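Data block below; observations after.
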Protein chains: 2
Amino acid sequence: MSEASTARLDEAQARGLAEMWDDGTGHLGPASARRLLVAAVDAFAARGYHGTSTRDIADRAGLSPAGVYVHFASKEDLFYRITLVGHQRTLHNAVLAVQEVGDGGPAARLHAVIEAQTTWQARHHTTARVVEYDLPCLSPEHYEEVSALRREITALVRGILHEGVRAGVFDVPNVDGTTLALLSMVTDVARWYPSNSRQPPEELGKLYADLALRMAAPHTSDS
Amino acid sequence: MSEASTARLDEAQARGLAEMWDDGTGHLGPASARRLLVAAVDAFAARGYHGTSTRDIADRAGLSPAGVYVHFASKEDLFYRITLVGHQRTLHNAVLAVQEVGDGGPAARLHAVIEAQTTWQARHHTTARVVEYDLPCLSPEHYEEVSALRREITALVRGILHEGVRAGVFDVPNVDGTTLALLSMVTDVARWYPSNSRQPPEELGKLYADLALRMAAPHTSDS
DNA sequence: CGCCGAGCTAAGCGCTTGCTTACACTGGTG
DNA sequence: CACCAGTGTAAGCAAGCGCTTAGCTCGGCG
């Protein structure tokens with residue numbers, strides 16, 4: 001019965017999901033609630049919000065259909081908690097990466113944040129897919145709350161680009177557009193990983209961080 | 001009655017959609033079939049494949065629920081035709097752009113294809129969103145058919161990068177990874193345009209083409 | 001005229017959806 | 001012991017789903 005909840009996940013993925021959603025603090029509730037979260041992430045990632053039924057989720061978690069509503073008020077509530085926690089951890093991951101390089105300058109900060117976010121998207125691609133691609137299914141209030149977290153991530157990257165331009169180490173004619181392009185590049189990893197490239201998350205992170213620096217660096221030959 | 005089909009679209013968007021799906025050859029069938037296609041694209045883009053009912057689509061096209069099945073065998077059939085034609089035109093757009101620059105070298109070709117595809121994604125963002133983000137809803141055979149077209153686009157970009165590396169005008173350590181990053185950047189435009197940036201499609205195209213050249217160009221200062 | 005095929009609809013079938021209700025079991029506390 | 005909050009289930013409701021059926025209208029053609 002305890003295995004039934006993750007029967008349709010391969011072991012590595014299940015371990016990754018469990019780590020993602022079991023932080024040891026227990027504030028996500030009892031074991032069944034966490035199993036429901038993991039089951040829901042997996043189902044939403046595979047078939048989308050509207051393509052997943054509450055019975056799917058309950059089955060994967062080893063509960064009856066009504067068991068979902070012991071822990072969550074509605075399907076949307078379950079989805080909301082996933083997207084909220086997912087965005088909070090993504091943002092935390094980015095902020096931490098920037099803090100860790102300290103005063104290494106804008107180039108080091110840009111490298112750090114793009115590497116950290118890309119690695120994160122690849123490593124947690126199942127969760128990331130849910131978190132990134134079905135937001136319009138949230139209620140308007142919840143959508144606004146989660147969007148605010150997204151704007152914080154955008155602002156973090158844009159701030160680094162601005163800083164680099166001011167300091168003269170970046171040449172970025174269009175900061176807003178370049179920020180969007182960088183975040184698109186990183187976000188989209190969750191959509192295709194790992195089917196289009198089997199590179200480990202860390203290598204992909206280094207590659208994308210290098211590409212980001214190229215996009216921002218001053219180029220000597222003007223074409 | 002003829003206006004009812006696009007009642008929920010603003011005029012500019014309706015015009016763009018109509019142009020996209022009415023090529024004058026009439027091989028997409030009678031007027032009702034085209035109205036259904038436009039209605040379906042709009043509905044799928046707004047709420048996803050599973051979030052859209054056949055009654056939604058029929059309503060928007062000004063038909064009764066059964067009217068859909070006069071022209072299409074099933075909801076999946078309707079979706080399939082949209083994604084197939086959408087991918088064919090996207091691929092055609094890319095190939096044409098590359099052909100037009102002739103022998104300008106890899107840099108000119110890369111610039112052309114990224115500019116053309118980015119502009120396309122922004123201009124046809126409603127169609128592009130359907131075409132890019134719900135492919136797993138297709139039947140396995142249809143999915144494979146459409147995926148083949150996607151691989152052609154990938155191969156086109158990767159070929160240009162390879163060519164540039166061979167010719168010594170590009171410095172791209174990881175061609176496959178860089179190809180993915182470029183296509184992610186371009187594809188993702190359909191997800192956010194125009195809500196995050198109101199730049200006209202052409203400007204966005206030039207910006208992204210410039211960024212692509214930076215990603216591929218040899219950098220003189222090795223950091 | 002009679003007939004036909006194309007286009008369309010009203011009605012509805014069988015099934016699934018999100019969610020609720022009524023009830024049962026369990027372990028800890030007075 | 002009695003009690004109760006927490007956790008779970010079996011059964012089922014109202015609504016919506018994709019799709020089918022039977023029958024209508026209408027222009028074109030012998």
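Convention: chains lettered A, B, ... in structure tokens order; per-chain residue numbering from 1; ligands numbered from 1 as shown.
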
Would you tabulate, counting only C-alpha atoms (C1' of nucleotides), all residues of chain C that have an atom at most 9 Å from an atom of chain A, showing the closest pair of atoms and their distance in Å to one decimal, sorted by chain then ascending number, as CSV?
residue,atom,partner,partner_atom,distance
C:DT17,C1',A:Ser53,CA,7.4
C:DG18,C1',A:Thr54,CA,7.4
C:DC19,C1',A:Ser74,CA,8.0
C:DT20,C1',A:Ala66,CA,8.9

Those same residues, written as a CSV table (one decimal), in the first residue's frame with N, CA and C atoms (P, O5', C5', C4', C3', O3' and C1' of nucleotides)?
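In the end it all went to again.csv:
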chain,number,residue,atom,x,y,z
C,17,DT,P,-12.7,11.4,-15.2
C,17,DT,O5',-13.3,12.8,-14.6
C,17,DT,C5',-13.4,13.9,-15.5
C,17,DT,C4',-14.2,15.0,-14.8
C,17,DT,C3',-13.9,15.2,-13.4
C,17,DT,O3',-12.8,16.2,-13.3
C,17,DT,C1',-16.2,15.3,-13.7
C,18,DG,P,-12.0,16.3,-11.9
C,18,DG,O5',-12.8,17.2,-11.0
C,18,DG,C5',-13.2,18.5,-11.4
C,18,DG,C4',-14.2,19.1,-10.4
C,18,DG,C3',-13.6,19.2,-9.0
C,18,DG,O3',-14.0,20.4,-8.4
C,18,DG,C1',-15.6,17.9,-9.0
C,19,DC,P,-13.5,20.8,-6.9
C,19,DC,O5',-14.6,20.2,-6.0
C,19,DC,C5',-16.0,20.5,-6.2
C,19,DC,C4',-16.9,19.6,-5.4
C,19,DC,C3',-16.6,19.5,-3.9
C,19,DC,O3',-17.6,20.3,-3.2
C,19,DC,C1',-17.4,17.5,-4.9
C,20,DT,P,-17.7,20.3,-1.6
C,20,DT,O5',-18.8,19.2,-1.4
C,20,DT,C5',-20.1,19.3,-2.1
C,20,DT,C4',-21.1,18.3,-1.5
C,20,DT,C3',-21.1,18.3,0.0
C,20,DT,O3',-22.5,18.3,0.4
C,20,DT,C1',-20.7,16.1,-0.8

Discussion item. Taking the DSSP secondary structure from the backbone, can you list the residues of stretch 47-186 of chain A that are helix (DSSP H, G or I), as a VMD selection string?
Written reply: chain A and resid 47 54 to 61 65 to 71 75 to 101 106 to 123 125 to 133 135 to 137 140 to 167 175 to 186

Practice prompt. Give me the residues within 10 Å of B:Ala97 as a ChimeraX atom specification, counting only C-alpha atoms (C1' of nucleotides) and dropping any in the same chain fewer than 4 places off.
Written response: /B:91-93,101-102,109-117

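In chain A, the set of residues within 7 Å of chain B (atoms considered: only C-alpha atoms) is His50, Gly51, Ala181, Ser184, Met185, Asp188, Leu211, Arg214 and Met215 of chain A.
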
Discussion item. I need the chain D residues near chain A as a list in words; criterion: at most 10 Å, counting only C-alpha atoms (C1' of nucleotides).
Written reply: DG6, DT7, DG8, DT9 and DA10 of chain D

So that I have them on file, write out the residues from the current selection with N, CA and C atoms (P, O5', C5', C4', C3', O3' and C1' of nucleotides), as a JSON list (two decimals), in the first residue's frame.
[["chain", "number", "residue", "atom", "x", "y", "z"],
["D", 6, "DG", "P", -8.80, 18.05, 14.67],
["D", 6, "DG", "O5'", -8.34, 16.64, 14.08],
["D", 6, "DG", "C5'", -7.27, 15.95, 14.72],
["D", 6, "DG", "C4'", -6.96, 14.68, 13.95],
["D", 6, "DG", "C3'", -6.85, 14.87, 12.43],
["D", 6, "DG", "O3'", -5.75, 14.08, 11.96],
["D", 6, "DG", "C1'", -8.51, 13.25, 12.90],
["D", 7, "DT", "P", -5.22, 14.21, 10.45],
["D", 7, "DT", "O5'", -5.90, 12.92, 9.78],
["D", 7, "DT", "C5'", -5.52, 11.63, 10.23],
["D", 7, "DT", "C4'", -6.39, 10.59, 9.58],
["D", 7, "DT", "C3'", -6.47, 10.70, 8.04],
["D", 7, "DT", "O3'", -5.90, 9.54, 7.47],
["D", 7, "DT", "C1'", -8.59, 10.25, 9.03],
["D", 8, "DG", "P", -5.59, 9.47, 5.93],
["D", 8, "DG", "O5'", -6.93, 8.81, 5.36],
["D", 8, "DG", "C5'", -7.06, 7.40, 5.45],
["D", 8, "DG", "C4'", -8.51, 6.99, 5.42],
["D", 8, "DG", "C3'", -9.21, 7.09, 4.07],
["D", 8, "DG", "O3'", -8.92, 5.95, 3.28],
["D", 8, "DG", "C1'", -10.65, 7.54, 5.95],
["D", 9, "DT", "P", -9.48, 5.83, 1.81],
["D", 9, "DT", "O5'", -10.93, 5.22, 2.02],
["D", 9, "DT", "C5'", -11.12, 4.09, 2.86],
["D", 9, "DT", "C4'", -12.61, 3.74, 2.90],
["D", 9, "DT", "C3'", -13.24, 3.64, 1.51],
["D", 9, "DT", "O3'", -13.97, 2.44, 1.41],
["D", 9, "DT", "C1'", -14.46, 5.18, 2.85],
["D", 10, "DA", "P", -14.28, 1.81, 0.00],
["D", 10, "DA", "O5'", -15.87, 1.81, -0.03],
["D", 10, "DA", "C5'", -16.60, 1.51, 1.16],
["D", 10, "DA", "C4'", -18.09, 1.80, 0.94],
["D", 10, "DA", "C3'", -18.59, 1.56, -0.47],
["D", 10, "DA", "O3'", -19.93, 1.07, -0.40],
["D", 10, "DA", "C1'", -18.84, 3.86, 0.06]]

Discussion item. So that I can check the surroundings of D:DC26, please list as number ranges by chain every protein, DNA and RNA residue that reaches within 10 Å of it, counting only C-alpha atoms (C1' of nucleotides) and ignoring chain neighbours fewer than 2 positions away.
Written reply: C: 6-7; D: 24, 28

Item to complete: Measure the distance from atom CA of B:Thr83 to atom CA of B:Ala148 in Å and round it to one decimal.
Response: 12.2 Å
